[in-house]
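Undergrad: One structure, as structure tokens, below. Some questions next.
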Amino acid sequence: MTRAPARLAGTGVQAVLALLCLYGLISAPGLIGRWGFSLASIGVLLLWGVAARLGMPLLRAIPSRRRLAMLAAIAIALRIAFALLSVRRASSGDPNAYLLLAKGLLSRDEYGIYEPFFGGYWRALFPPFYSFLLAGWGAIAGFSTASVLFLGTVIDLGAASLILQLGRRLGSPGAGRGAAWLYLIWPSVLFSAPLAQKEGLCAFLILALALAWLNRDHRVWRDAVKIGVPAALLALTQPGQAPLAALFGLCLIGQAGLVPTMIAGLRAAGVAVLVMLPWWIRNWLIFGAFVPLTSAGGASLWIGNNPDATGNWLPPPEQLRGLPEVVYGKRIGAIAMEWIKANPGAFVRLTITKFLRACGVASFGVTRLVAMQPPLPAVFAAALLPLSHLTHIALLGSSALAARRRRMPGTDTLLLLIAACIVQLMLFGVWFEFSERHREFVTPFLLLLVCGMIAPRLESAEPTPS
């Protein structure tokens, strides 16, 4: 494999991460001014730092059962603590919508939700895979905070397992162990764990895709299934991230060759089509039109492109209320395109701003808690914001440094994967509704990059159980 693509990817990744870190640092005073300062935030940061530090021996040795039990107890305690912030609080937005969709599947045996802002019952507004998974789990364990927390923890454990495998594949098992531990206790992951959020499932599927491309064994249909199934499930979970299935393959062409990569991609696409076919048939029967993913594309484009857009959700135009689902999507998408054509300068500034805010700032978890009913008291928000934002800044800064130092054997490959993630955000994500949760899938790769900078130095130590 030529090193030129990896060097170019490393330079680009380093520049983007450094820029985002700088933006995060500049934004910190404004965030603190908005949410207030609390001395409790120092204690929260210290406690989390101690928990993270207790897992660092994982970088140099396989842990003993005793240490594993201790780390498991810490992770469980942190998740329960964050879950307590959500107990008896109703979340708006996606967490509430997915619960309603899952409950509707069980009670009415149909997939759809009444959207008051759109003024109608929509049957393809949300992608189906996470809703069906949640409904299946809810049929067994219900939909309490404890039940949703358990499901979220299982999904996160699956992602941690894939991080371990990716670390071994990249030549640094210690980096995989350390990154898996940090992922399980990472603030943004903890904020989402007790809520019906699909971001953890997206991370799991994207990690599975990365491993599938790296671990191809040239068994024709086995490779096609390993790539095609998670690609289809990702498209049915978060459609905007579906292009990653192809981007990973394109970025790794230098390792596998152009022709084998293209053949593998085409075969995987065939498998993906078979997996998605039931959803397509169902939508055709309902709408009499081809709706490959969801009907939300036009609304998402408008949310991301209008005079008041920030990248976060906004109430749509009232004059469209009550239109049929597919017609509504076309009309609101056309309004967004008209605004873009009439305001190209504003569109460029808004797009850049959305990217910087969504990728350089970490306050979404706090904002969501405060938006719940009843809202989280402001004192909690002030205590939790520094943990959320400062750890994100630290991850961006240390990742930029790690991209330069490249101490892990497989750093070049990892940088290509991260470059694919950044291209995904820039080419397919930022034009629509685009907030912090839409870049969460990059976190596991950045954690691996940082741990890979530390692990080789520590792995030379005696590999005795810690």
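In the structure tokens, chains take the letters A, B, ... in the order shown, each chain's residues start at 1, and ligands count up from 1 in the order shown.
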Name the residues of range 61-132 of chain A that come out as strand (DSSP E) in a backbone DSSP run; write them as a list of chain:residue names.
TA: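 So the strand (DSSP E) residues in range 61-132 of chain A would be A:Ile113, A:Tyr114, A:Glu115, A:Gly120, A:Tyr121, A:Trp122.
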Undergrad: Any chance you could export the current selection's N, CA, C and O atoms as a PDB file, in the first residue's frame?
TA:
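Final file, result10.pdb:
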ATOM      1  N   ILE A 113     -46.579   7.621  13.066  1.00  0.00           N
ATOM      2  CA  ILE A 113     -46.656   8.530  14.196  1.00  0.00           C
ATOM      3  C   ILE A 113     -47.376   9.800  13.767  1.00  0.00           C
ATOM      4  O   ILE A 113     -47.213  10.272  12.623  1.00  0.00           O
ATOM      5  N   TYR A 114     -48.185  10.334  14.657  1.00  0.00           N
ATOM      6  CA  TYR A 114     -48.820  11.623  14.376  1.00  0.00           C
ATOM      7  C   TYR A 114     -47.830  12.720  14.707  1.00  0.00           C
ATOM      8  O   TYR A 114     -47.323  12.809  15.829  1.00  0.00           O
ATOM      9  N   GLU A 115     -47.540  13.562  13.724  1.00  0.00           N
ATOM     10  CA  GLU A 115     -46.601  14.669  13.903  1.00  0.00           C
ATOM     11  C   GLU A 115     -47.399  15.971  13.961  1.00  0.00           C
ATOM     12  O   GLU A 115     -47.913  16.437  12.937  1.00  0.00           O
ATOM     13  N   GLY A 120     -50.253  15.742  10.512  1.00  0.00           N
ATOM     14  CA  GLY A 120     -50.728  14.510   9.899  1.00  0.00           C
ATOM     15  C   GLY A 120     -50.074  13.280  10.498  1.00  0.00           C
ATOM     16  O   GLY A 120     -49.131  13.379  11.288  1.00  0.00           O
ATOM     17  N   TYR A 121     -50.601  12.129  10.121  1.00  0.00           N
ATOM     18  CA  TYR A 121     -50.060  10.842  10.562  1.00  0.00           C
ATOM     19  C   TYR A 121     -49.074  10.378   9.500  1.00  0.00           C
ATOM     20  O   TYR A 121     -49.465  10.082   8.366  1.00  0.00           O
ATOM     21  N   TRP A 122     -47.806  10.310   9.866  1.00  0.00           N
ATOM     22  CA  TRP A 122     -46.751  10.007   8.906  1.00  0.00           C
ATOM     23  C   TRP A 122     -46.259   8.581   9.106  1.00  0.00           C
ATOM     24  O   TRP A 122     -45.974   8.153  10.223  1.00  0.00           O
TER      25      TRP A 122
END
Undergrad: Can you work out which one of A:Ala83, A:Leu99, A:Val189, A:Leu277 has the shortest atom-to-atom distance to Ala362 in chain A, counting only C-alpha atoms?
TA: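 Distance minimum relative to Ala362 in chain A lands on A:Val189.
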Undergrad: Using only C-alpha atoms, pick whichever of A:Gly93, A:Leu19, A:Leu149, A:Arg282 has the shortest atom-to-atom distance to Trp313 in chain A.
TA: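 With only C-alpha atoms as the atom set, the closest residue is A:Gly93.
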Undergrad: Skip Ser363 in chain A itself and residues of its chain fewer than 2 positions away, then list as a ChimeraX atom specification all residues within 7 Å of it, counting only C-alpha atoms.
TA: /A:361,365-367,385,388-389
Undergrad: Between CA of Ala289 in chain A and CA of Lys330 in chain A, what is the spacing in Å?
TA: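 Result for CA of Lys330 in chain A versus CA of Ala289 in chain A: 12.7 Å, one decimal.
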Undergrad: Ranking A:Phe434, A:Phe364, A:Trp284, A:Trp302 by minimum distance to Trp339 in chain A and counting only C-alpha atoms, which one comes first?
TA: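 Ranking A:Phe434, A:Phe364, A:Trp284, A:Trp302 by distance to Trp339 in chain A, first place goes to A:Trp302.
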Undergrad: Asn215 in chain A: which residues within 10 Å, counting only C-alpha atoms, same-chain residues fewer than 5 positions away excluded, as a ChimeraX atom specification?
TA: /A:166,169,209-210,223,226
Undergrad: Restricting the calculation to only C-alpha atoms: of A:Gly200, A:Gly311, A:Gly429, A:Gly270, which residue gets closest to Gly240 in chain A?
TA: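 Among A:Gly200, A:Gly311, A:Gly429, A:Gly270, it is A:Gly429 that comes nearest to Gly240 in chain A.
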Undergrad: To one decimal place, how far is CA of Leu45 in chain A from CA of Ala455 in chain A in Å?
TA: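 The value is 23.4 Å.
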Undergrad: DSSP says alpha helix (DSSP H) for which residues of range 177-232 of chain A? Put them as a VMD selection string?
TA: chain A and resid 177 to 185 187 to 192 199 to 214 220 to 232
Undergrad: For range 108-110 of chain A, work out the shell of residues within 12 Å, counting only C-alpha atoms and skipping chain neighbours fewer than 5 positions away, then give it as an MDAnalysis selection string.
TA: chainID A and resid 100:103 121:124 128 131:132 135 282 286
Undergrad: Generate the output file for the selected residues, all heavy atoms, as a short mmCIF file (atom, residue, chain, number, x, y, z; two decimals), in the first residue's frame.
TA:
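Full text of out-v6.cif as output:
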data_model
loop_
_atom_site.label_atom_id
_atom_site.label_comp_id
_atom_site.auth_asym_id
_atom_site.auth_seq_id
_atom_site.Cartn_x
_atom_site.Cartn_y
_atom_site.Cartn_z
N LEU A 100 -42.86 6.24 20.99
CA LEU A 100 -44.22 6.19 20.45
C LEU A 100 -44.32 5.22 19.28
O LEU A 100 -45.30 4.47 19.15
CB LEU A 100 -44.65 7.59 20.01
CG LEU A 100 -44.85 8.63 21.11
CD1 LEU A 100 -45.15 10.00 20.51
CD2 LEU A 100 -45.98 8.20 22.05
N LEU A 101 -43.30 5.22 18.42
CA LEU A 101 -43.31 4.30 17.28
C LEU A 101 -43.26 2.85 17.75
O LEU A 101 -43.98 1.99 17.23
CB LEU A 101 -42.12 4.60 16.37
CG LEU A 101 -42.22 5.87 15.51
CD1 LEU A 101 -40.86 6.23 14.95
CD2 LEU A 101 -43.22 5.66 14.38
N ALA A 102 -42.39 2.57 18.73
CA ALA A 102 -42.26 1.20 19.23
C ALA A 102 -43.55 0.75 19.91
O ALA A 102 -44.01 -0.39 19.70
CB ALA A 102 -41.08 1.12 20.20
N LYS A 103 -44.14 1.62 20.70
CA LYS A 103 -45.40 1.27 21.37
C LYS A 103 -46.51 1.07 20.35
O LYS A 103 -47.37 0.18 20.52
CB LYS A 103 -45.77 2.36 22.38
CG LYS A 103 -44.83 2.43 23.57
CD LYS A 103 -45.18 3.60 24.49
CE LYS A 103 -44.21 3.69 25.67
NZ LYS A 103 -44.51 4.86 26.55
N TYR A 121 -50.60 12.13 10.12
CA TYR A 121 -50.06 10.84 10.56
C TYR A 121 -49.07 10.38 9.50
O TYR A 121 -49.46 10.08 8.37
CB TYR A 121 -51.20 9.84 10.75
CG TYR A 121 -50.77 8.52 11.32
CD1 TYR A 121 -50.56 8.37 12.68
CD2 TYR A 121 -50.58 7.41 10.50
CE1 TYR A 121 -50.18 7.15 13.22
CE2 TYR A 121 -50.21 6.19 11.03
CZ TYR A 121 -50.00 6.07 12.39
OH TYR A 121 -49.61 4.87 12.92
N TRP A 122 -47.81 10.31 9.87
CA TRP A 122 -46.75 10.01 8.91
C TRP A 122 -46.26 8.58 9.11
O TRP A 122 -45.97 8.15 10.22
CB TRP A 122 -45.60 11.01 9.05
CG TRP A 122 -45.91 12.35 8.43
CD1 TRP A 122 -47.11 13.00 8.44
CD2 TRP A 122 -45.02 13.16 7.68
NE1 TRP A 122 -47.01 14.18 7.76
CE2 TRP A 122 -45.74 14.32 7.28
CE3 TRP A 122 -43.69 13.06 7.31
CZ2 TRP A 122 -45.16 15.34 6.54
CZ3 TRP A 122 -43.10 14.07 6.57
CH2 TRP A 122 -43.85 15.20 6.18
N ARG A 123 -46.11 7.86 7.99
CA ARG A 123 -45.78 6.43 8.05
C ARG A 123 -44.34 6.11 7.65
O ARG A 123 -43.92 4.96 7.74
CB ARG A 123 -46.75 5.65 7.16
CG ARG A 123 -48.19 5.67 7.68
CD ARG A 123 -49.13 5.01 6.70
NE ARG A 123 -50.47 4.85 7.26
CZ ARG A 123 -51.39 5.80 7.28
NH1 ARG A 123 -51.12 7.00 6.76
NH2 ARG A 123 -52.58 5.59 7.82
N ALA A 124 -43.60 7.11 7.20
CA ALA A 124 -42.20 6.86 6.83
C ALA A 124 -41.31 8.02 7.26
O ALA A 124 -40.27 8.28 6.65
CB ALA A 124 -42.08 6.63 5.33
N PRO A 128 -36.81 2.64 10.08
CA PRO A 128 -37.50 1.63 10.89
C PRO A 128 -36.64 0.77 11.82
O PRO A 128 -37.17 0.24 12.79
CB PRO A 128 -38.16 0.74 9.83
CG PRO A 128 -37.21 0.81 8.67
CD PRO A 128 -36.67 2.21 8.67
N SER A 131 -36.53 1.44 15.64
CA SER A 131 -37.89 1.34 16.19
C SER A 131 -38.31 -0.11 16.38
O SER A 131 -38.88 -0.48 17.40
CB SER A 131 -38.88 2.04 15.26
OG SER A 131 -38.56 3.40 15.09
N PHE A 132 -38.01 -0.95 15.39
CA PHE A 132 -38.37 -2.37 15.49
C PHE A 132 -37.54 -3.06 16.58
O PHE A 132 -38.06 -3.91 17.31
CB PHE A 132 -38.19 -3.06 14.14
CG PHE A 132 -39.34 -2.88 13.21
CD1 PHE A 132 -39.53 -1.68 12.52
CD2 PHE A 132 -40.27 -3.89 13.03
CE1 PHE A 132 -40.60 -1.51 11.66
CE2 PHE A 132 -41.35 -3.73 12.17
CZ PHE A 132 -41.52 -2.54 11.48
N ALA A 135 -39.03 -1.95 19.83
CA ALA A 135 -40.33 -2.61 20.05
C ALA A 135 -40.14 -4.06 20.49
O ALA A 135 -40.83 -4.55 21.39
CB ALA A 135 -41.17 -2.54 18.78
N ARG A 282 -43.13 -2.11 1.22
CA ARG A 282 -44.11 -1.55 2.16
C ARG A 282 -44.44 -0.10 1.82
O ARG A 282 -45.61 0.32 1.81
CB ARG A 282 -43.54 -1.68 3.58
CG ARG A 282 -44.40 -1.10 4.68
CD ARG A 282 -43.89 0.26 5.12
NE ARG A 282 -44.57 0.75 6.30
CZ ARG A 282 -44.46 1.99 6.77
NH1 ARG A 282 -43.70 2.87 6.14
NH2 ARG A 282 -45.12 2.37 7.85
N ILE A 286 -48.01 1.75 0.42
CA ILE A 286 -48.66 2.83 1.17
C ILE A 286 -48.79 4.10 0.35
O ILE A 286 -49.84 4.73 0.28
CB ILE A 286 -47.90 3.11 2.48
CG1 ILE A 286 -48.06 1.94 3.45
CG2 ILE A 286 -48.39 4.41 3.12
CD1 ILE A 286 -47.23 2.09 4.72
#
